[in-house]
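Engineer: The file below is upload.pdb, PDB, C-alpha atoms:
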ATOM      1  CA  MET A   1     -14.640  21.727  24.337  1.00  0.00           C
ATOM      2  CA  ARG A   2     -15.514  20.286  20.925  1.00  0.00           C
ATOM      3  CA  LYS A   3     -12.825  18.335  19.083  1.00  0.00           C
ATOM      4  CA  ARG A   4     -11.934  19.652  15.640  1.00  0.00           C
ATOM      5  CA  LEU A   5     -12.133  17.228  12.692  1.00  0.00           C
ATOM      6  CA  LEU A   6     -10.839  17.397   9.114  1.00  0.00           C
ATOM      7  CA  ILE A   7     -12.445  15.112   6.493  1.00  0.00           C
ATOM      8  CA  VAL A   8     -10.308  14.078   3.511  1.00  0.00           C
ATOM      9  CA  ASP A   9     -12.170  12.158   0.798  1.00  0.00           C
ATOM     10  CA  ASP A  10     -12.599  12.702  -2.940  1.00  0.00           C
ATOM     11  CA  HIS A  11     -16.286  11.690  -2.983  1.00  0.00           C
ATOM     12  CA  PRO A  12     -18.562  14.652  -2.164  1.00  0.00           C
ATOM     13  CA  ILE A  13     -21.406  12.406  -1.038  1.00  0.00           C
ATOM     14  CA  VAL A  14     -19.116  10.720   1.495  1.00  0.00           C
ATOM     15  CA  ARG A  15     -17.841  14.034   2.842  1.00  0.00           C
ATOM     16  CA  GLU A  16     -21.347  15.490   3.093  1.00  0.00           C
ATOM     17  CA  GLY A  17     -22.692  12.367   4.770  1.00  0.00           C
ATOM     18  CA  LEU A  18     -19.894  12.302   7.324  1.00  0.00           C
ATOM     19  CA  LYS A  19     -20.196  16.010   7.959  1.00  0.00           C
ATOM     20  CA  ALA A  20     -23.984  15.888   8.452  1.00  0.00           C
ATOM     21  CA  PHE A  21     -23.729  12.988  10.889  1.00  0.00           C
ATOM     22  CA  LEU A  22     -20.684  14.078  12.863  1.00  0.00           C
ATOM     23  CA  GLU A  23     -21.861  17.643  13.337  1.00  0.00           C
ATOM     24  CA  LEU A  24     -24.858  16.281  15.235  1.00  0.00           C
ATOM     25  CA  GLN A  25     -22.441  15.252  17.977  1.00  0.00           C
ATOM     26  CA  SER A  26     -22.044  17.816  20.749  1.00  0.00           C
ATOM     27  CA  ASP A  27     -18.365  16.957  21.247  1.00  0.00           C
ATOM     28  CA  LEU A  28     -17.259  17.129  17.596  1.00  0.00           C
ATOM     29  CA  GLU A  29     -16.851  19.946  15.057  1.00  0.00           C
ATOM     30  CA  ILE A  30     -15.974  19.695  11.349  1.00  0.00           C
ATOM     31  CA  VAL A  31     -13.459  22.459  10.668  1.00  0.00           C
ATOM     32  CA  GLY A  32     -12.395  21.526   7.145  1.00  0.00           C
ATOM     33  CA  GLU A  33     -12.737  19.276   4.122  1.00  0.00           C
ATOM     34  CA  ALA A  34     -10.343  18.254   1.347  1.00  0.00           C
ATOM     35  CA  ASP A  35     -10.505  16.041  -1.731  1.00  0.00           C
ATOM     36  CA  THR A  36      -6.800  15.901  -2.692  1.00  0.00           C
ATOM     37  CA  LEU A  37      -3.514  15.336  -0.890  1.00  0.00           C
ATOM     38  CA  ARG A  38      -2.422  18.896  -1.576  1.00  0.00           C
ATOM     39  CA  ASP A  39      -5.613  20.343  -0.100  1.00  0.00           C
ATOM     40  CA  ALA A  40      -5.369  17.955   2.846  1.00  0.00           C
ATOM     41  CA  GLN A  41      -1.909  19.254   3.700  1.00  0.00           C
ATOM     42  CA  SER A  42      -3.009  22.857   3.313  1.00  0.00           C
ATOM     43  CA  GLU A  43      -6.120  22.385   5.454  1.00  0.00           C
ATOM     44  CA  ALA A  44      -4.240  20.434   8.106  1.00  0.00           C
ATOM     45  CA  GLN A  45      -1.698  23.227   8.471  1.00  0.00           C
ATOM     46  CA  ARG A  46      -4.305  25.972   8.411  1.00  0.00           C
ATOM     47  CA  LYS A  47      -6.993  24.424  10.627  1.00  0.00           C
ATOM     48  CA  GLN A  48      -4.843  22.399  13.073  1.00  0.00           C
ATOM     49  CA  PRO A  49      -7.509  19.735  13.668  1.00  0.00           C
ATOM     50  CA  ASP A  50      -7.533  17.304  16.555  1.00  0.00           C
ATOM     51  CA  LEU A  51      -8.328  14.423  14.202  1.00  0.00           C
ATOM     52  CA  ILE A  52      -8.161  13.755  10.458  1.00  0.00           C
ATOM     53  CA  LEU A  53     -10.385  11.195   8.711  1.00  0.00           C
ATOM     54  CA  LEU A  54      -8.214  10.236   5.736  1.00  0.00           C
ATOM     55  CA  ASP A  55      -9.179   8.194   2.676  1.00  0.00           C
ATOM     56  CA  VAL A  56      -6.315   6.230   1.112  1.00  0.00           C
ATOM     57  CA  GLN A  57      -6.828   6.618  -2.632  1.00  0.00           C
ATOM     58  CA  LEU A  58      -7.099  10.249  -3.722  1.00  0.00           C
ATOM     59  CA  PRO A  59      -6.858  11.795  -7.207  1.00  0.00           C
ATOM     60  CA  ASP A  60      -3.275  12.958  -6.730  1.00  0.00           C
ATOM     61  CA  GLY A  61      -1.895   9.842  -5.056  1.00  0.00           C
ATOM     62  CA  ASN A  62      -1.829   7.410  -2.156  1.00  0.00           C
ATOM     63  CA  ALA A  63      -2.500   9.199   1.120  1.00  0.00           C
ATOM     64  CA  LEU A  64      -0.007   7.056   3.024  1.00  0.00           C
ATOM     65  CA  GLY A  65       2.716   8.897   1.142  1.00  0.00           C
ATOM     66  CA  VAL A  66       1.829  12.157   2.933  1.00  0.00           C
ATOM     67  CA  LEU A  67       0.804  10.739   6.294  1.00  0.00           C
ATOM     68  CA  ALA A  68       4.090  11.751   7.892  1.00  0.00           C
ATOM     69  CA  SER A  69       3.877  15.280   6.508  1.00  0.00           C
ATOM     70  CA  LEU A  70       0.289  15.657   7.734  1.00  0.00           C
ATOM     71  CA  LYS A  71       1.450  14.821  11.239  1.00  0.00           C
ATOM     72  CA  GLU A  72       4.254  17.363  10.929  1.00  0.00           C
ATOM     73  CA  LEU A  73       1.882  20.053   9.664  1.00  0.00           C
ATOM     74  CA  ALA A  74      -0.686  19.325  12.388  1.00  0.00           C
ATOM     75  CA  PRO A  75       1.340  17.803  15.261  1.00  0.00           C
ATOM     76  CA  LYS A  76      -1.560  17.272  17.652  1.00  0.00           C
ATOM     77  CA  ALA A  77      -3.804  15.607  15.065  1.00  0.00           C
ATOM     78  CA  LYS A  78      -4.720  11.946  15.250  1.00  0.00           C
ATOM     79  CA  VAL A  79      -5.150  10.387  11.806  1.00  0.00           C
ATOM     80  CA  ILE A  80      -7.708   7.642  11.175  1.00  0.00           C
ATOM     81  CA  ILE A  81      -7.549   5.902   7.816  1.00  0.00           C
ATOM     82  CA  LEU A  82     -11.159   5.653   6.621  1.00  0.00           C
ATOM     83  CA  THR A  83     -11.280   3.563   3.462  1.00  0.00           C
ATOM     84  CA  SER A  84     -13.047   0.880   1.463  1.00  0.00           C
ATOM     85  CA  PHE A  85      -9.779  -1.004   0.933  1.00  0.00           C
ATOM     86  CA  LEU A  86      -8.679  -3.821   3.198  1.00  0.00           C
ATOM     87  CA  ASP A  87      -5.177  -4.969   2.382  1.00  0.00           C
ATOM     88  CA  ASP A  88      -2.630  -6.310   4.843  1.00  0.00           C
ATOM     89  CA  HIS A  89       0.104  -4.110   3.387  1.00  0.00           C
ATOM     90  CA  LEU A  90      -2.070  -0.999   3.620  1.00  0.00           C
ATOM     91  CA  VAL A  91      -3.020  -1.703   7.219  1.00  0.00           C
ATOM     92  CA  ARG A  92       0.544  -2.418   8.303  1.00  0.00           C
ATOM     93  CA  ASP A  93       1.984   0.554   6.415  1.00  0.00           C
ATOM     94  CA  ALA A  94      -0.655   2.927   7.763  1.00  0.00           C
ATOM     95  CA  LEU A  95       0.148   2.000  11.356  1.00  0.00           C
ATOM     96  CA  ARG A  96       3.901   1.989  10.718  1.00  0.00           C
ATOM     97  CA  LEU A  97       3.673   5.506   9.280  1.00  0.00           C
ATOM     98  CA  GLY A  98       1.815   6.823  12.302  1.00  0.00           C
ATOM     99  CA  ALA A  99      -1.919   6.368  11.663  1.00  0.00           C
ATOM    100  CA  SER A 100      -4.017   6.350  14.822  1.00  0.00           C
ATOM    101  CA  GLY A 101      -6.500   3.844  13.448  1.00  0.00           C
ATOM    102  CA  TYR A 102      -7.738   1.930  10.410  1.00  0.00           C
ATOM    103  CA  VAL A 103     -11.501   1.913   9.793  1.00  0.00           C
ATOM    104  CA  LEU A 104     -13.572   0.621   6.883  1.00  0.00           C
ATOM    105  CA  LYS A 105     -16.302   2.772   5.364  1.00  0.00           C
ATOM    106  CA  HIS A 106     -18.906   0.089   5.876  1.00  0.00           C
ATOM    107  CA  SER A 107     -18.659   0.608   9.638  1.00  0.00           C
ATOM    108  CA  GLY A 108     -21.935   1.711  11.176  1.00  0.00           C
ATOM    109  CA  PRO A 109     -22.419   5.248  12.525  1.00  0.00           C
ATOM    110  CA  THR A 110     -22.170   4.178  16.157  1.00  0.00           C
ATOM    111  CA  ALA A 111     -18.985   2.201  15.484  1.00  0.00           C
ATOM    112  CA  LEU A 112     -17.424   5.143  13.640  1.00  0.00           C
ATOM    113  CA  LEU A 113     -18.140   7.449  16.576  1.00  0.00           C
ATOM    114  CA  ASP A 114     -16.586   4.932  18.939  1.00  0.00           C
ATOM    115  CA  TYR A 115     -13.484   4.738  16.716  1.00  0.00           C
ATOM    116  CA  ILE A 116     -13.146   8.517  16.548  1.00  0.00           C
ATOM    117  CA  ARG A 117     -13.534   9.001  20.282  1.00  0.00           C
ATOM    118  CA  ALA A 118     -11.127   6.149  20.982  1.00  0.00           C
ATOM    119  CA  ALA A 119      -8.474   7.762  18.775  1.00  0.00           C
ATOM    120  CA  LEU A 120      -8.990  11.097  20.490  1.00  0.00           C
ATOM    121  CA  ARG A 121      -8.368   9.340  23.819  1.00  0.00           C
ATOM    122  CA  GLY A 122      -5.036   8.112  22.487  1.00  0.00           C
ATOM    123  CA  GLU A 123      -6.135   4.590  21.600  1.00  0.00           C
ATOM    124  CA  ILE A 124      -5.622   2.910  18.205  1.00  0.00           C
ATOM    125  CA  PRO A 125      -9.041   1.836  16.913  1.00  0.00           C
ATOM    126  CA  LEU A 126      -9.046  -0.915  14.289  1.00  0.00           C
ATOM    127  CA  ASP A 127     -11.873  -2.379  12.275  1.00  0.00           C
ATOM    128  CA  PRO A 128     -12.318  -6.072  13.231  1.00  0.00           C
ATOM    129  CA  SER A 129     -11.333  -7.018   9.672  1.00  0.00           C
ATOM    130  CA  ALA A 130      -8.085  -5.077  10.048  1.00  0.00           C
ATOM    131  CA  VAL A 131      -7.354  -6.839  13.333  1.00  0.00           C
ATOM    132  CA  LYS A 132      -7.835 -10.182  11.557  1.00  0.00           C
ATOM    133  CA  VAL A 133      -5.430  -9.114   8.807  1.00  0.00           C
ATOM    134  CA  LEU A 134      -2.779  -8.078  11.330  1.00  0.00           C
ATOM    135  CA  ALA A 135      -3.026 -11.452  13.023  1.00  0.00           C
ATOM    136  CA  GLU A 136      -1.806 -13.129   9.839  1.00  0.00           C
ATOM    137  CA  PRO A 137       1.895 -13.400   8.848  1.00  0.00           C
ATOM    138  CA  ASP A 138       3.341 -10.356   7.096  1.00  0.00           C
ATOM    139  CA  ASN A 139       4.223 -11.299   3.515  1.00  0.00           C
ATOM    140  CA  ASP A 140       5.533  -7.910   2.472  1.00  0.00           C
ATOM    141  CA  PRO A 141       7.580  -8.289  -0.751  1.00  0.00           C
ATOM    142  CA  LEU A 142       9.355  -4.990  -0.105  1.00  0.00           C
ATOM    143  CA  ALA A 143      10.755  -6.401   3.128  1.00  0.00           C
ATOM    144  CA  GLU A 144      13.106  -8.566   1.057  1.00  0.00           C
ATOM    145  CA  LEU A 145      14.740  -5.587  -0.642  1.00  0.00           C
ATOM    146  CA  THR A 146      18.119  -4.302   0.490  1.00  0.00           C
ATOM    147  CA  PRO A 147      18.344  -0.567   1.317  1.00  0.00           C
ATOM    148  CA  ARG A 148      20.003   0.085  -2.071  1.00  0.00           C
ATOM    149  CA  GLU A 149      17.362  -1.918  -3.940  1.00  0.00           C
ATOM    150  CA  ARG A 150      14.623  -0.012  -2.152  1.00  0.00           C
ATOM    151  CA  GLU A 151      16.305   3.261  -3.115  1.00  0.00           C
ATOM    152  CA  VAL A 152      16.420   2.147  -6.756  1.00  0.00           C
ATOM    153  CA  LEU A 153      12.735   1.191  -6.595  1.00  0.00           C
ATOM    154  CA  GLU A 154      11.828   4.627  -5.241  1.00  0.00           C
ATOM    155  CA  TYR A 155      13.657   6.281  -8.138  1.00  0.00           C
ATOM    156  CA  ILE A 156      11.949   3.936 -10.624  1.00  0.00           C
ATOM    157  CA  ALA A 157       8.579   4.857  -9.119  1.00  0.00           C
ATOM    158  CA  SER A 158       9.508   8.532  -9.638  1.00  0.00           C
ATOM    159  CA  GLY A 159       9.971   7.855 -13.350  1.00  0.00           C
ATOM    160  CA  LEU A 160      13.763   8.167 -13.529  1.00  0.00           C
ATOM    161  CA  SER A 161      15.774   6.245 -16.129  1.00  0.00           C
ATOM    162  CA  ASN A 162      18.706   4.001 -15.173  1.00  0.00           C
ATOM    163  CA  LYS A 163      21.090   6.724 -16.294  1.00  0.00           C
ATOM    164  CA  GLN A 164      19.362   9.323 -14.130  1.00  0.00           C
ATOM    165  CA  ILE A 165      19.261   6.946 -11.161  1.00  0.00           C
ATOM    166  CA  ALA A 166      22.979   6.232 -11.557  1.00  0.00           C
ATOM    167  CA  ARG A 167      23.671   9.961 -11.418  1.00  0.00           C
ATOM    168  CA  GLN A 168      21.526  10.372  -8.299  1.00  0.00           C
ATOM    169  CA  MET A 169      23.184   7.442  -6.517  1.00  0.00           C
ATOM    170  CA  SER A 170      26.720   8.155  -7.778  1.00  0.00           C
ATOM    171  CA  VAL A 171      27.087   4.635  -9.176  1.00  0.00           C
ATOM    172  CA  THR A 172      27.413   3.181 -12.679  1.00  0.00           C
ATOM    173  CA  GLU A 173      24.452   2.537 -14.892  1.00  0.00           C
ATOM    174  CA  LYS A 174      25.403  -1.149 -14.882  1.00  0.00           C
ATOM    175  CA  THR A 175      25.100  -1.220 -11.079  1.00  0.00           C
ATOM    176  CA  VAL A 176      21.641   0.320 -11.276  1.00  0.00           C
ATOM    177  CA  LYS A 177      20.587  -2.262 -13.860  1.00  0.00           C
ATOM    178  CA  THR A 178      21.811  -5.053 -11.579  1.00  0.00           C
ATOM    179  CA  HIS A 179      19.842  -3.657  -8.645  1.00  0.00           C
ATOM    180  CA  ALA A 180      16.750  -3.195 -10.820  1.00  0.00           C
ATOM    181  CA  THR A 181      16.900  -6.780 -12.077  1.00  0.00           C
ATOM    182  CA  SER A 182      17.094  -8.016  -8.492  1.00  0.00           C
ATOM    183  CA  VAL A 183      14.150  -5.782  -7.510  1.00  0.00           C
ATOM    184  CA  PHE A 184      11.986  -7.165 -10.324  1.00  0.00           C
ATOM    185  CA  ALA A 185      12.817 -10.737  -9.312  1.00  0.00           C
ATOM    186  CA  LYS A 186      12.077 -10.193  -5.617  1.00  0.00           C
ATOM    187  CA  LEU A 187       8.813  -8.382  -6.338  1.00  0.00           C
ATOM    188  CA  ASN A 188       7.820 -10.921  -8.994  1.00  0.00           C
ATOM    189  CA  VAL A 189       7.148  -8.217 -11.597  1.00  0.00           C
ATOM    190  CA  ARG A 190       8.068  -8.169 -15.283  1.00  0.00           C
ATOM    191  CA  ASP A 191       9.164  -4.592 -15.829  1.00  0.00           C
ATOM    192  CA  ARG A 192       9.622  -1.049 -14.535  1.00  0.00           C
ATOM    193  CA  THR A 193       5.959  -0.171 -14.996  1.00  0.00           C
ATOM    194  CA  GLN A 194       4.756  -3.021 -12.790  1.00  0.00           C
ATOM    195  CA  ALA A 195       7.448  -2.244 -10.216  1.00  0.00           C
ATOM    196  CA  ALA A 196       6.449   1.429 -10.171  1.00  0.00           C
ATOM    197  CA  LEU A 197       2.755   0.571  -9.737  1.00  0.00           C
ATOM    198  CA  LEU A 198       3.542  -1.759  -6.839  1.00  0.00           C
ATOM    199  CA  ALA A 199       5.736   0.877  -5.232  1.00  0.00           C
ATOM    200  CA  LYS A 200       3.012   3.522  -5.474  1.00  0.00           C
ATOM    201  CA  GLU A 201       0.445   1.104  -4.023  1.00  0.00           C
ATOM    202  CA  ARG A 202       2.762   0.672  -1.056  1.00  0.00           C
ATOM    203  CA  GLY A 203       3.101   4.430  -0.582  1.00  0.00           C
ATOM    204  CA  LEU A 204       6.720   4.826  -1.784  1.00  0.00           C
TER
END
Give the structure from the file, written as structure tokens.

Structural biologist:
Amino acid sequence: MRKRLLIVDDHPIVREGLKAFLELQSDLEIVGEADTLRDAQSEAQRKQPDLILLDVQLPDGNALGVLASLKELAPKAKVIILTSFLDDHLVRDALRLGASGYVLKHSGPTALLDYIRAALRGEIPLDPSAVKVLAEPDNDPLAELTPREREVLEYIASGLSNKQIARQMSVTEKTVKTHATSVFAKLNVRDRTQAALLAKERGL
């Protein structure tokens, strides 16, 4: 029985290339494509694929932010991150959030097939470069944040003001400002904009 694949990438040439190559395989079938997070969620729920090839950076956000929901919408689906980006935080976050593998787009066709089939067997295929990254110490700046500071950062990334955050957290505006100042210092950023950008890069 052929395994059902969903391709999520915002570059048509990448999707078409993957589709043309993968459909030549007797054990694989492309059942859907998507170029945004919203479409990816819709297609995952509708098509119930066995595996999703998921790019990280899409027009409407960082795909790691919806990885958990994709797995809820398509419970049996394995999710392989297929990207051009190699960053230790991305690799670690992807695996922490439930990705079944992390593969770079420069992988050759044979290697990609091996990765896909390995994931379908329940293994966790990783590009050699990703393995090298994981072997290095984790210097995640967000790891230094307290739970309350992380909550404040998430609200900042959502665009809320200190006053709005205070209302959401049922604390004073002064308390929020104190938390925010600590967040900026720990993340080594100058302002809310830089903090928000860092948070979004990390999938918050």

Engineer: Each residue of stretch 107-129 of chain A lying at most 10 Å from stretch 47-61 of chain A should get a row with its shortest atom-to-atom pair and the distance in Å to one decimal, counting all atoms listed in the file; could you produce that, ordered by chain and increasing number, as CSV?

Structural biologist:
residue,atom,partner,partner_atom,distance
A:Ile116,CA,A:Leu51,CA,8.0
A:Arg117,CA,A:Leu51,CA,9.7
A:Ala119,CA,A:Leu51,CA,8.1
A:Leu120,CA,A:Leu51,CA,7.1

Engineer: Those residues you just picked out, can you put them in a file as a CSV table (one decimal), keeping the file's coordinate frame with C-alpha atoms?

Structural biologist:
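The new file part00.csv reads:
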chain,number,residue,atom,x,y,z
A,116,ILE,CA,-13.1,8.5,16.5
A,117,ARG,CA,-13.5,9.0,20.3
A,119,ALA,CA,-8.5,7.8,18.8
A,120,LEU,CA,-9.0,11.1,20.5

Engineer: Give me the result of the PyMOL selection byres ((chain A and resi 115) around 12) on this file, residue by residue, as a ChimeraX atom specification.

Structural biologist: /A:51,53,78-82,100-105,107-114,116-128

Engineer: Can you work out which one of A:Glu136, A:Met1, A:Arg190, A:Val152 has the shortest atom-to-atom distance to A:Ile165, counting all atoms listed in the file?

Structural biologist: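 Ranked by minimum distance to A:Ile165, first place goes to A:Val152.
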
Engineer: Interatomic distance between atom CA of A:Thr175 and atom CA of A:Gly65?

Structural biologist: 27.4 Å

Engineer: Write out as a ChimeraX atom specification each polymer residue whose atoms come within 8 Å of A:Asp88, counting all atoms listed in the file; drop sequence neighbours fewer than 4 positions from it.

Structural biologist: /A:92,130,133-134,138

Engineer: On this structure, which residues satisfy the PyMOL selection byres ((chain A and resi 30) around 10), written as a ChimeraX atom specification?

Structural biologist: /A:2-7,18-20,22-23,28-29,31-33,49,51-52

Engineer: Under the rule that only C-alpha atoms are counted, which of A:Glu149, A:Phe85, A:Leu160, A:Asp9 is the nearest residue to A:Thr178?

Structural biologist: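 Between A:Glu149, A:Phe85, A:Leu160, A:Asp9, the residue approaching A:Thr178 most closely is A:Glu149.
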
Engineer: In Å, with one decimal, what is the gap from atom CA of A:Pro75 to atom CA of A:Glu201?

Structural biologist: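 Spanning atom CA of A:Pro75 to atom CA of A:Glu201 is a straight-line distance of 25.5 Å.
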
Engineer: When you count all atoms listed in the file, which of these residues is closest to A:Thr146: A:Ala196, A:Leu24, A:Val183, A:Val66?

Structural biologist: A:Val183

Engineer: With only C-alpha atoms as the atoms that count, which of A:Leu37, A:Val8, A:Leu153, A:Val91 lies nearest to A:Thr193?

Structural biologist: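 Closest to A:Thr193 of all the choices is A:Leu153.
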
Engineer: Generate N, CA and C atoms for stretch 100-119 of chain A and emit them as an mmCIF file, keeping the file's coordinate frame.

Structural biologist:
data_model
loop_
_atom_site.group_PDB
_atom_site.id
_atom_site.type_symbol
_atom_site.label_atom_id
_atom_site.label_comp_id
_atom_site.auth_asym_id
_atom_site.auth_seq_id
_atom_site.Cartn_x
_atom_site.Cartn_y
_atom_site.Cartn_z
ATOM 1 N N SER A 100 -3.464 6.629 13.498
ATOM 2 C CA SER A 100 -4.017 6.350 14.822
ATOM 3 C C SER A 100 -5.143 5.336 14.776
ATOM 4 N N GLY A 101 -5.440 4.828 13.582
ATOM 5 C CA GLY A 101 -6.500 3.844 13.448
ATOM 6 C C GLY A 101 -6.745 3.501 11.994
ATOM 7 N N TYR A 102 -7.429 2.374 11.766
ATOM 8 C CA TYR A 102 -7.738 1.930 10.410
ATOM 9 C C TYR A 102 -9.179 1.438 10.430
ATOM 10 N N VAL A 103 -10.061 2.173 9.738
ATOM 11 C CA VAL A 103 -11.501 1.913 9.793
ATOM 12 C C VAL A 103 -12.052 1.767 8.384
ATOM 13 N N LEU A 104 -12.953 0.816 8.191
ATOM 14 C CA LEU A 104 -13.572 0.621 6.883
ATOM 15 C C LEU A 104 -14.861 1.440 6.781
ATOM 16 N N LYS A 105 -15.156 1.892 5.567
ATOM 17 C CA LYS A 105 -16.302 2.772 5.364
ATOM 18 C C LYS A 105 -17.644 2.091 5.610
ATOM 19 N N HIS A 106 -17.633 0.761 5.625
ATOM 20 C CA HIS A 106 -18.906 0.089 5.876
ATOM 21 C C HIS A 106 -19.248 0.019 7.367
ATOM 22 N N SER A 107 -18.370 0.571 8.199
ATOM 23 C CA SER A 107 -18.659 0.608 9.638
ATOM 24 C C SER A 107 -19.938 1.404 9.884
ATOM 25 N N GLY A 108 -20.704 0.989 10.856
ATOM 26 C CA GLY A 108 -21.935 1.711 11.176
ATOM 27 C C GLY A 108 -21.644 3.024 11.865
ATOM 28 N N PRO A 109 -22.614 3.929 11.907
ATOM 29 C CA PRO A 109 -22.419 5.248 12.525
ATOM 30 C C PRO A 109 -21.933 5.169 13.972
ATOM 31 N N THR A 110 -22.558 4.295 14.751
ATOM 32 C CA THR A 110 -22.170 4.178 16.157
ATOM 33 C C THR A 110 -20.731 3.699 16.286
ATOM 34 N N ALA A 111 -20.351 2.718 15.453
ATOM 35 C CA ALA A 111 -18.985 2.201 15.484
ATOM 36 C C ALA A 111 -17.992 3.284 15.100
ATOM 37 N N LEU A 112 -18.320 4.069 14.071
ATOM 38 C CA LEU A 112 -17.424 5.143 13.640
ATOM 39 C C LEU A 112 -17.215 6.153 14.761
ATOM 40 N N LEU A 113 -18.276 6.517 15.455
ATOM 41 C CA LEU A 113 -18.140 7.449 16.576
ATOM 42 C C LEU A 113 -17.242 6.868 17.665
ATOM 43 N N ASP A 114 -17.432 5.586 17.932
ATOM 44 C CA ASP A 114 -16.586 4.932 18.939
ATOM 45 C C ASP A 114 -15.122 4.973 18.518
ATOM 46 N N TYR A 115 -14.861 4.718 17.230
ATOM 47 C CA TYR A 115 -13.484 4.738 16.716
ATOM 48 C C TYR A 115 -12.874 6.135 16.861
ATOM 49 N N ILE A 116 -13.641 7.142 16.489
ATOM 50 C CA ILE A 116 -13.146 8.517 16.548
ATOM 51 C C ILE A 116 -12.824 8.909 17.986
ATOM 52 N N ARG A 117 -13.741 8.618 18.883
ATOM 53 C CA ARG A 117 -13.534 9.001 20.282
ATOM 54 C C ARG A 117 -12.392 8.205 20.908
ATOM 55 N N ALA A 118 -12.237 6.961 20.472
ATOM 56 C CA ALA A 118 -11.127 6.149 20.982
ATOM 57 C C ALA A 118 -9.791 6.743 20.546
ATOM 58 N N ALA A 119 -9.711 7.156 19.280
ATOM 59 C CA ALA A 119 -8.474 7.762 18.775
ATOM 60 C C ALA A 119 -8.166 9.058 19.510
#
